[in-house]
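What's in target20.txt: compact mmCIF, C-alpha atoms
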# COMPACT_ATOMS: atom_id res chain seq x y z
CA MET A 183 121.58 95.06 103.72
CA LEU A 184 121.76 97.77 106.39
CA SER A 185 118.98 98.29 108.89
CA ASN A 186 117.99 101.84 109.75
CA SER A 187 119.76 101.56 113.09
CA ASP A 188 122.93 100.18 111.40
CA HIS A 189 122.82 103.06 108.91
CA ASP A 190 122.38 105.70 111.64
CA ARG A 191 125.17 104.29 113.80
CA LEU A 192 127.51 104.12 110.80
CA VAL A 193 126.73 107.72 109.79
CA ALA A 194 127.47 108.90 113.34
CA GLU A 195 130.73 106.94 113.36
CA ILE A 196 131.83 108.35 110.00
CA TYR A 197 131.29 111.93 111.22
CA SER A 198 133.12 111.07 114.44
CA ALA A 199 136.11 109.78 112.43
CA ALA A 200 136.10 112.89 110.23
CA MET A 201 136.29 115.11 113.32
CA GLY A 202 139.16 113.08 114.76
CA ASP A 203 137.22 111.48 117.63
CA THR A 204 137.31 107.92 116.23
CA PRO A 205 140.19 106.27 114.32
CA TRP A 206 139.44 105.97 110.60
CA THR A 207 140.80 102.41 110.59
CA ALA A 208 138.17 101.32 113.11
CA THR A 209 135.38 103.05 111.17
CA LEU A 210 136.52 101.51 107.88
CA GLY A 211 136.58 98.13 109.58
CA HIS A 212 132.98 98.64 110.70
CA VAL A 213 131.99 99.58 107.13
CA ALA A 214 133.64 96.44 105.74
CA ASP A 215 131.96 94.24 108.34
CA LEU A 216 128.48 95.64 107.68
CA PHE A 217 128.93 95.21 103.91
CA ARG A 218 130.39 91.72 104.47
CA SER A 219 133.63 92.58 102.69
CA SER A 220 137.33 92.00 103.30
CA ALA A 221 138.61 95.56 103.23
CA SER A 222 137.81 99.22 102.74
CA LEU A 223 139.87 102.33 102.17
CA ILE A 224 139.94 106.08 101.62
CA GLN A 225 142.40 107.73 99.22
CA VAL A 226 142.81 111.51 99.19
CA HIS A 227 143.92 113.04 95.87
CA ASP A 228 145.31 116.49 95.15
CA GLN A 229 144.31 118.70 92.20
CA THR A 230 146.53 116.67 89.84
CA GLY A 231 145.07 113.34 90.92
CA GLN A 232 148.11 112.27 92.92
CA ILE A 233 147.45 110.29 96.13
CA THR A 234 148.35 112.41 99.16
CA ALA A 235 146.96 110.23 101.98
CA VAL A 236 145.50 106.76 102.48
CA GLU A 237 143.60 105.16 105.37
CA ASN A 238 142.49 101.54 105.12
CA HIS A 239 141.16 98.51 106.92
CA GLY A 240 142.51 95.11 105.96
CA TYR A 241 146.12 96.05 105.21
CA SER A 242 149.01 97.48 107.19
CA ARG A 243 150.22 100.98 106.34
CA GLU A 244 153.55 99.55 105.13
CA PHE A 245 151.77 97.06 102.85
CA SER A 246 149.48 99.77 101.52
CA ASP A 247 152.35 102.18 100.79
CA ALA A 248 154.30 99.43 99.01
CA PHE A 249 151.30 98.46 96.86
CA PHE A 250 150.54 102.02 95.70
CA ALA A 251 154.20 102.38 94.72
CA SER A 252 154.25 99.03 92.89
CA GLU A 253 154.44 98.26 89.17
CA ALA A 254 151.21 96.28 89.44
CA TYR A 255 149.25 99.29 90.67
CA ALA A 256 150.84 101.62 88.10
CA ASN A 257 149.90 99.27 85.23
CA ASP A 258 146.50 98.11 86.47
CA PRO A 259 144.12 98.78 83.52
CA ARG A 260 141.23 99.53 85.89
CA MET A 261 142.84 102.71 87.20
CA PRO A 262 141.75 105.00 84.32
CA TYR A 263 138.16 103.81 84.83
CA PHE A 264 138.27 104.64 88.54
CA ARG A 265 139.78 108.06 87.82
CA SER A 266 137.01 108.82 85.33
CA VAL A 267 134.28 108.58 87.97
CA ARG A 268 132.73 112.01 88.51
CA PRO A 269 133.12 113.41 92.02
CA GLY A 270 129.86 113.07 93.90
CA THR A 271 128.86 109.76 92.30
CA ILE A 272 129.17 106.10 93.25
CA TYR A 273 130.47 103.24 91.12
CA PHE A 274 130.80 99.45 91.17
CA ASP A 275 133.17 97.31 89.14
CA ARG A 276 130.85 95.81 86.51
CA MET A 277 129.42 99.28 85.86
CA LEU A 278 132.84 100.62 84.87
CA TYR A 279 134.52 97.92 82.80
CA ASP A 280 134.30 94.46 81.25
CA LEU A 281 135.17 92.01 84.05
CA GLU A 282 136.18 89.19 81.69
CA GLU A 283 138.54 91.48 79.80
CA MET A 284 140.14 92.57 83.08
CA GLU A 285 140.60 88.96 84.16
CA ARG A 286 142.67 88.34 81.01
CA ASN A 287 145.07 91.19 81.86
CA ARG A 288 148.25 90.24 83.67
CA TRP A 289 148.49 93.42 85.75
CA CYS A 290 144.88 93.26 86.83
CA ARG A 291 145.31 89.66 87.98
CA GLU A 292 148.53 90.56 89.78
CA SER A 293 146.86 93.44 91.66
CA CYS A 294 144.00 91.17 92.69
CA ASP A 295 146.43 88.47 93.85
CA ILE A 296 148.43 90.96 95.93
CA LEU A 297 145.35 92.48 97.58
CA LYS A 298 143.36 89.22 97.69
CA VAL A 299 140.30 91.18 96.53
CA LYS A 300 138.62 91.36 93.15
CA TYR A 301 135.51 93.54 93.33
CA GLN A 302 134.83 97.15 94.34
CA LEU A 303 131.92 99.29 95.43
CA GLY A 304 132.88 102.89 95.94
CA ALA A 305 132.31 106.61 95.59
CA MET A 306 134.37 109.56 94.38
CA LEU A 307 134.04 112.35 96.94
CA ARG A 308 134.29 116.12 96.46
CA LEU A 309 136.59 117.87 98.95
CA PRO A 310 137.38 121.58 99.41
CA ASN A 311 140.29 123.20 97.54
CA ASP A 312 139.58 121.16 94.38
CA MET A 313 140.70 117.97 96.06
CA THR A 314 138.92 114.62 95.84
CA ALA A 315 138.83 111.36 97.73
CA GLY A 316 137.97 107.81 96.78
CA PHE A 317 136.04 105.67 99.27
CA ALA A 318 135.97 101.98 98.33
CA ILE A 319 134.68 98.71 99.79
CA LEU A 320 136.76 95.77 98.51
CA SER A 321 135.49 92.18 98.21
CA SER A 322 137.31 88.91 97.68
CA PRO A 323 136.36 86.45 94.90
CA GLY A 324 134.57 84.36 97.53
CA GLU A 325 132.58 87.34 98.79
CA GLY A 326 131.55 88.21 95.26
CA HIS A 327 130.04 91.31 93.65
CA ALA A 328 128.17 93.90 95.63
CA SER A 329 124.52 92.86 95.69
CA PRO A 330 121.74 95.21 94.55
CA GLU A 331 120.83 95.64 98.23
CA ALA A 332 124.43 96.60 99.08
CA ILE A 333 124.55 99.12 96.22
CA GLN A 334 121.26 100.64 97.39
CA ALA A 335 122.54 100.88 100.97
CA PHE A 336 125.77 102.48 99.76
CA HIS A 337 123.81 105.00 97.66
CA ARG A 338 122.09 106.07 100.87
CA LEU A 339 125.35 106.23 102.80
CA ALA A 340 127.58 107.94 100.21
CA PRO A 341 126.31 111.56 100.65
CA HIS A 342 127.06 111.34 104.39
CA ILE A 343 130.55 110.00 103.66
CA GLU A 344 131.20 112.92 101.29
CA ARG A 345 129.94 115.56 103.72
CA ALA A 346 131.86 114.03 106.62
CA CYS A 347 135.11 113.83 104.63
CA ALA A 348 134.70 117.43 103.42
CA LEU A 349 134.17 118.54 107.02
CA GLY A 350 137.17 116.51 108.16
CA HIS A 351 139.31 118.02 105.41
CA VAL A 352 138.46 121.55 106.60
CA ILE A 353 139.09 120.66 110.25
CA GLU A 354 142.41 118.93 109.56
CA PHE A 355 143.60 121.64 107.16
CA ASP A 356 142.75 124.30 109.76
CA ALA A 357 144.49 122.34 112.51
CA ALA A 358 147.59 121.75 110.37
CA THR A 359 147.73 125.45 109.44
CA ARG A 360 147.45 126.55 113.07
CA SER A 361 150.07 124.02 114.13
CA ALA A 362 152.51 125.24 111.46
CA LEU A 363 151.95 128.89 112.35
CA LEU A 364 152.31 128.18 116.06
CA ASP A 365 155.51 126.28 115.40
CA ALA A 366 156.83 129.28 113.44
CA LEU A 367 155.90 131.56 116.35
CA THR A 368 157.68 129.43 118.90
CA ARG A 369 160.80 129.26 116.75
CA LYS A 370 160.94 133.05 116.45
CA SER A 371 160.16 133.81 120.08
CA ASP A 372 161.47 132.64 123.43
CA GLY A 373 157.95 131.93 124.65
CA VAL A 374 154.39 132.05 123.33
CA ILE A 375 151.18 132.16 125.41
CA LEU A 376 147.65 132.22 123.97
CA LEU A 377 144.88 133.75 126.09
CA ASP A 378 141.11 133.42 125.80
CA GLY A 379 138.53 136.19 126.12
CA SER A 380 138.82 136.08 129.93
CA ALA A 381 142.62 136.47 129.76
CA ARG A 382 143.11 132.84 130.82
CA PRO A 383 145.98 130.94 129.18
CA THR A 384 144.74 128.31 126.72
CA PHE A 385 148.17 127.39 125.36
CA MET A 386 151.68 127.87 126.70
CA SER A 387 154.86 126.82 124.89
CA ASP A 388 157.46 124.90 126.89
CA ALA A 389 159.78 127.93 126.81
CA ALA A 390 157.04 130.22 128.19
CA ALA A 391 156.26 127.77 131.00
CA GLU A 392 159.96 127.65 131.87
CA ILE A 393 160.14 131.47 132.02
CA LEU A 394 157.16 131.60 134.39
CA ARG A 395 158.52 128.82 136.60
CA ALA A 396 161.79 130.71 137.00
CA ASN A 397 159.81 133.59 138.62
CA ASP A 398 162.59 135.97 137.59
CA GLY A 399 160.55 139.11 136.86
CA ILE A 400 157.32 137.61 135.49
CA ALA A 401 154.90 135.07 137.01
CA PHE A 402 151.30 133.90 136.72
CA LEU A 403 149.68 134.22 140.15
CA ASP A 404 146.02 133.93 141.19
CA GLY A 405 144.85 133.92 137.59
CA THR A 406 146.79 136.97 136.40
CA PHE A 407 150.25 137.91 135.10
CA VAL A 408 152.41 139.79 137.59
CA ALA A 409 155.71 141.56 136.82
CA ARG A 410 158.52 142.45 139.20
CA ARG A 411 157.59 146.09 139.60
CA PRO A 412 154.00 147.40 140.11
CA PRO A 413 154.22 149.86 137.17
CA GLU A 414 155.25 146.98 134.89
CA THR A 415 152.40 144.84 136.21
CA ARG A 416 149.86 147.62 135.59
CA LYS A 417 151.08 148.22 132.05
CA LEU A 418 151.09 144.49 131.23
CA GLN A 419 147.57 143.96 132.59
CA ASN A 420 146.29 147.08 130.81
CA LEU A 421 147.72 145.85 127.50
CA ILE A 422 146.10 142.43 127.92
CA GLY A 423 142.83 144.07 128.94
CA SER A 424 142.88 146.33 125.87
CA VAL A 425 143.11 143.26 123.65
CA VAL A 426 140.54 140.98 125.26
CA ALA A 427 137.93 143.61 126.25
CA PRO A 428 134.87 143.53 123.94
CA ALA A 429 135.10 147.29 123.42
CA SER A 430 138.46 146.84 121.72
CA ILE A 431 137.15 144.68 118.86
CA GLY A 432 137.95 146.36 115.57
CA GLU A 433 140.33 148.82 117.23
CA LYS A 434 144.13 148.82 117.39
CA SER A 435 145.29 147.44 120.72
CA GLY A 436 148.16 145.67 122.40
CA GLY A 437 151.75 146.80 122.68
CA ARG A 438 155.05 146.01 124.41
CA VAL A 439 156.27 146.15 127.99
CA LEU A 440 159.79 145.78 129.38
CA VAL A 441 159.95 143.52 132.46
CA THR A 442 163.02 143.82 134.68
CA ARG A 443 164.47 140.84 136.55
CA PRO A 444 165.54 140.47 140.21
CA SER A 445 168.49 138.32 139.08
CA GLY A 446 170.03 141.35 137.39
CA ARG A 447 170.02 139.63 134.02
CA ARG A 448 168.83 141.49 130.96
CA PRO A 449 165.04 142.03 130.96
CA TYR A 450 162.19 140.36 129.12
CA VAL A 451 160.21 142.13 126.40
CA LEU A 452 156.57 141.05 126.35
CA HIS A 453 154.68 141.77 123.12
CA ILE A 454 150.88 141.65 123.50
CA LEU A 455 148.95 141.12 120.25
CA PRO A 456 145.25 140.73 119.42
CA ALA A 457 144.31 137.42 117.82
CA PRO A 458 143.29 137.50 114.12
CA PRO A 459 139.71 138.73 113.53
CA ALA A 460 138.42 135.21 112.82
CA GLU A 461 139.48 134.20 116.32
CA ARG A 462 138.38 137.37 118.09
CA PHE A 463 134.83 136.90 116.87
CA LEU A 464 134.72 133.83 119.14
CA ALA A 465 136.99 135.29 121.79
CA GLY A 466 134.84 134.07 124.65
CA THR A 467 135.70 130.45 123.92
CA SER A 468 138.75 130.72 121.70
CA VAL A 469 141.98 132.69 121.31
CA ALA A 470 141.72 136.44 121.99
CA CYS A 471 145.32 137.42 122.75
CA VAL A 472 148.83 136.30 121.81
CA MET A 473 151.77 137.05 124.14
CA HIS A 474 155.31 136.79 122.80
CA MET A 475 158.01 136.58 125.47
CA GLN A 476 161.50 137.63 124.41
CA ASP A 477 164.44 137.01 126.74
CA LEU A 478 167.09 139.66 126.03
CA ALA A 479 169.60 137.65 128.08
CA ARG A 480 169.32 134.68 125.75
CA THR A 481 171.71 134.21 122.85
CA MET A 482 169.77 132.86 119.88
CA LEU A 483 171.92 130.46 117.88
CA PRO A 484 171.39 129.52 114.24
CA SER A 485 170.50 125.90 113.52
CA LYS A 486 173.55 123.89 112.49
CA ASP A 487 171.38 121.93 110.04
CA TYR A 488 170.25 125.25 108.55
CA LEU A 489 173.88 126.36 108.10
CA ARG A 490 174.80 123.08 106.43
CA ASP A 491 171.75 123.01 104.15
CA VAL A 492 171.74 126.68 103.10
CA PHE A 493 175.43 127.54 102.91
CA GLY A 494 177.01 124.10 102.50
CA LEU A 495 179.06 124.33 105.69
CA THR A 496 180.70 121.16 106.95
CA ALA A 497 179.63 119.79 110.33
CA ARG A 498 182.71 121.26 112.04
CA GLU A 499 182.32 124.62 110.27
CA ALA A 500 178.72 124.74 111.51
CA ASP A 501 179.88 123.89 115.06
CA PHE A 502 182.39 126.73 114.97
CA ALA A 503 179.89 129.18 113.40
CA ALA A 504 177.35 128.54 116.19
CA GLU A 505 179.99 129.12 118.87
CA LEU A 506 181.17 132.27 117.08
CA VAL A 507 177.64 133.69 117.32
CA ARG A 508 177.54 132.75 121.02
CA HIS A 509 180.95 134.16 121.97
CA THR A 510 181.87 136.57 119.07
CA ASN A 511 185.56 136.18 120.04
CA LEU A 512 187.38 133.75 117.73
CA GLU A 513 189.58 132.25 120.46
CA ASN A 514 186.64 131.60 122.82
CA ALA A 515 184.56 130.19 119.96
CA ALA A 516 187.40 127.81 119.04
CA LEU A 517 187.75 126.71 122.67
CA HIS A 518 184.04 125.92 123.07
CA ALA A 519 183.92 124.19 119.66
CA GLY A 520 186.82 121.96 120.78
CA MET A 521 189.28 122.96 118.05
CA ALA A 522 192.64 124.66 117.72
CA VAL A 523 192.70 128.39 116.96
CA ASN A 524 194.50 127.83 113.63
CA THR A 525 191.83 125.28 112.64
CA ALA A 526 189.13 127.81 113.61
CA ARG A 527 190.80 130.46 111.42
CA ASN A 528 190.77 128.04 108.47
CA HIS A 529 187.06 127.32 109.10
CA LEU A 530 186.41 131.06 109.31
CA GLN A 531 188.02 131.73 105.91
CA SER A 532 186.09 128.85 104.34
CA THR A 533 182.85 130.15 105.86
CA PHE A 534 183.56 133.65 104.47
CA ARG A 535 183.78 132.16 100.97
CA LYS A 536 180.63 130.06 101.32
CA THR A 537 178.50 132.87 102.75
CA GLY A 538 179.85 135.75 100.68
CA THR A 539 180.95 137.70 103.77
CA SER A 540 184.29 139.37 104.36
CA SER A 541 184.52 140.01 108.10
CA GLN A 542 183.77 138.28 111.37
CA ALA A 543 181.27 140.99 112.37
CA GLU A 544 179.43 140.68 109.05
CA LEU A 545 179.31 136.89 109.43
CA VAL A 546 177.86 137.04 112.96
CA GLN A 547 175.29 139.62 111.84
CA LEU A 548 174.23 137.34 108.96
CA PHE A 549 173.88 134.27 111.15
CA THR A 550 171.90 136.06 113.87
CA ARG A 551 169.34 136.99 111.19
CA LEU A 552 168.77 133.28 110.52
CA VAL A 553 167.43 132.61 114.03
For the file at hand, write its structure as structure tokens.
Amino acid sequence: MLSNSDHDRLVAEIYSAAMGDTPWTATLGHVADLFRSSASLIQVHDQTGQITAVENHGYSREFSDAFFASEAYANDPRMPYFRSVRPGTIYFDRMLYDLEEMERNRWCRESCDILKVKYQLGAMLRLPNDMTAGFAILSSPGEGHASPEAIQAFHRLAPHIERACALGHVIEFDAATRSALLDALTRKSDGVILLDGSARPTFMSDAAAEILRANDGIAFLDGTFVARRPPETRKLQNLIGSVVAPASIGEKSGGRVLVTRPSGRRPYVLHILPAPPAERFLAGTSVACVMHMQDLARTMLPSKDYLRDVFGLTAREADFAAELVRHTNLENAALHAGMAVNTARNHLQSTFRKTGTSSQAELVQLFTRLV
């Protein structure tokens, strides 16, 4: 069914897809072609057995989503058989159930008619964190059952599919975690810069890049960070050096430096932090230092969506609340929110009730904590 060269190329492609270098849809298409089948798919299941993600070849994503939400899928009598397959093993249709009995069932026939496939050859895969995945090759009535040669070839392939998917799960979970944490960092800070073991930036948020481009007290010149005043530059570079230097591993390091600005605006506070130990072990090629950049001249405003969702403010109340944080003075806040002062006072009283506050100062203090 599969030559040795076909097998080796397919294994390499599956690992490439798991690491994000090749689209899963293309790889699944290659699998289906080599097994002379119409379609193939991967379903990821959580600890309760619920489907959390699907990739497939042969169907659009919209079609796939609609089918898995359909009455036909929910009532298909084959589903309990598929779910009973032990992780780490392969299956094929006639091994699991009586084909003639399934053909007599309305829901089974309806599922087959919708998908235009009738037979399956697949494997239940073990993933980290007690998750599982189903990998299936789907054949039409004309293509028929999986042959003994196809089953043997799939037996040989299945362990590689499981290892690749487990590796991909770890990589994607790690990437998603980092992305979420980095997003949280950028929301709580004006700018974030990640440095490698040679103090070179490996990531810079848009806000950080904007601060450096402004050249108002802090810049990145000739491969190093330079502040307005030489003492500030020395302190900043010493803090970065204390974090990225090999001798500092396992020791407390980093700190804060105030950077003044030629424009006369309020200064920046730069907070230099060592990366977590898991990163610092590979600091030569990964993240060794995190720099938070806080602009003391910037007024941080609460999200209007946040105010509406958490406190039940109306859209106009949220508009006024944001301007009140920006200006603190009720009249100025009303002006910039585009409303009359009496209307603003009514919104203020309503906002007091919804937030459990009793004064304008208390309200502003509450909202600034939400940033």
Handout entry: A:Arg395, A:His337, A:His227, A:His239 ranked by distance to Leu309 of chain A, top pick (using all atoms listed in the file)
Key =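 With all atoms listed in the file as the atom set, the closest residue is A:His227.
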Problem - For atom CA of Gly436 of chain A and atom CA of Pro456 of chain A, the interatomic separation in Å (one decimal) - result: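 Between these atoms lies a distance of 6.5 Å.
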Handout entry: Proximity to Leu421 of chain A - best of A:Leu403, A:Tyr301, A:Asp378, A:Ile454, all atoms listed in the file
Key =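 Using all atoms listed in the file, the shortest distance to Leu421 of chain A belongs to A:Ile454.
Here the question is which of A:Ala194, A:Ala328, A:Cys347, A:Ala254 gets nearest to Cys294 of chain A using only C-alpha atoms, and that residue is A:Ala254.
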Exercise for the section: Using atom CA of Glu285 of chain A and atom CA of Pro323 of chain A as the two end points, give the distance in Å to one decimal. Expected result: 11.8 Å
Fill in the blank from the handout: Here atom CA of Gln476 of chain A and atom CA of Ala457 of chain A stand apart by 18.4 Å
Problem - Counting only C-alpha atoms, the option among A:Ala519, A:Ala479, A:Val492, A:Met473 closest to Asp398 of chain A - result: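 Ranking A:Ala519, A:Ala479, A:Val492, A:Met473 by distance to Asp398 of chain A, first place goes to A:Ala479.
You can rank A:Glu354, A:Asp228, A:Asp487, A:Asp372 by their closest distance to Asn311 of chain A using only C-alpha atoms, and at the top of that list sits A:Asp228.
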Handout entry: Residue neighbourhood Ala497 of chain A, 10 Å, all atoms listed in the file, exclusion window fewer than 6 positions, as JSON, numbers by chain
Key = {"A": [486, 487, 489, 490, 503]}
Handout entry: Distance criterion (only C-alpha atoms): nearest to Asp247 of chain A out of A:Gly494, A:Thr550, A:Leu394, A:Ala235
Key = A:Ala235
Problem - All residues 12 Å or closer to Phe250 of chain A, all atoms listed in the file, same chain fewer than 3 positions away omitted, as a list in words - result: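 Listed by chain and then number, they are Gln225, Gln232, Ile233, Thr234, Ala235, Val236, Arg243, Glu244, Phe245, Ser246, Asp247, Glu253, Ala254, Tyr255, Ala256, Asn257, Asp258, Met261, Ser293, Ile296 and Leu297 of chain A.
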Practice task
For Gln419 of chain A, work out the shell of residues within 9 Å, counting all atoms listed in the file and skipping chain neighbours fewer than 4 positions away, then give it as a list in words.
Solution key: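 Those residues are Thr406, Phe407, Val408, Glu414, Thr415, Gly423 and Ser424 of chain A.
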Problem - Selection: 7 Å around Ala504 of chain A, all atoms listed in the file, excl. self and same-chain fewer than 4 positions, as an MDAnalysis selection string - result: chainID A and resid 483:484 500 508
Exercise for the section: Write out as a list in words each polymer residue whose atoms come within 6 Å of Ile319 of chain A, counting all atoms listed in the file; drop sequence neighbours fewer than 2 positions from it. Expected result: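 So, after excluding close chain neighbours, the residues are Ser222, Gln302, Leu303 and Gly304 of chain A.
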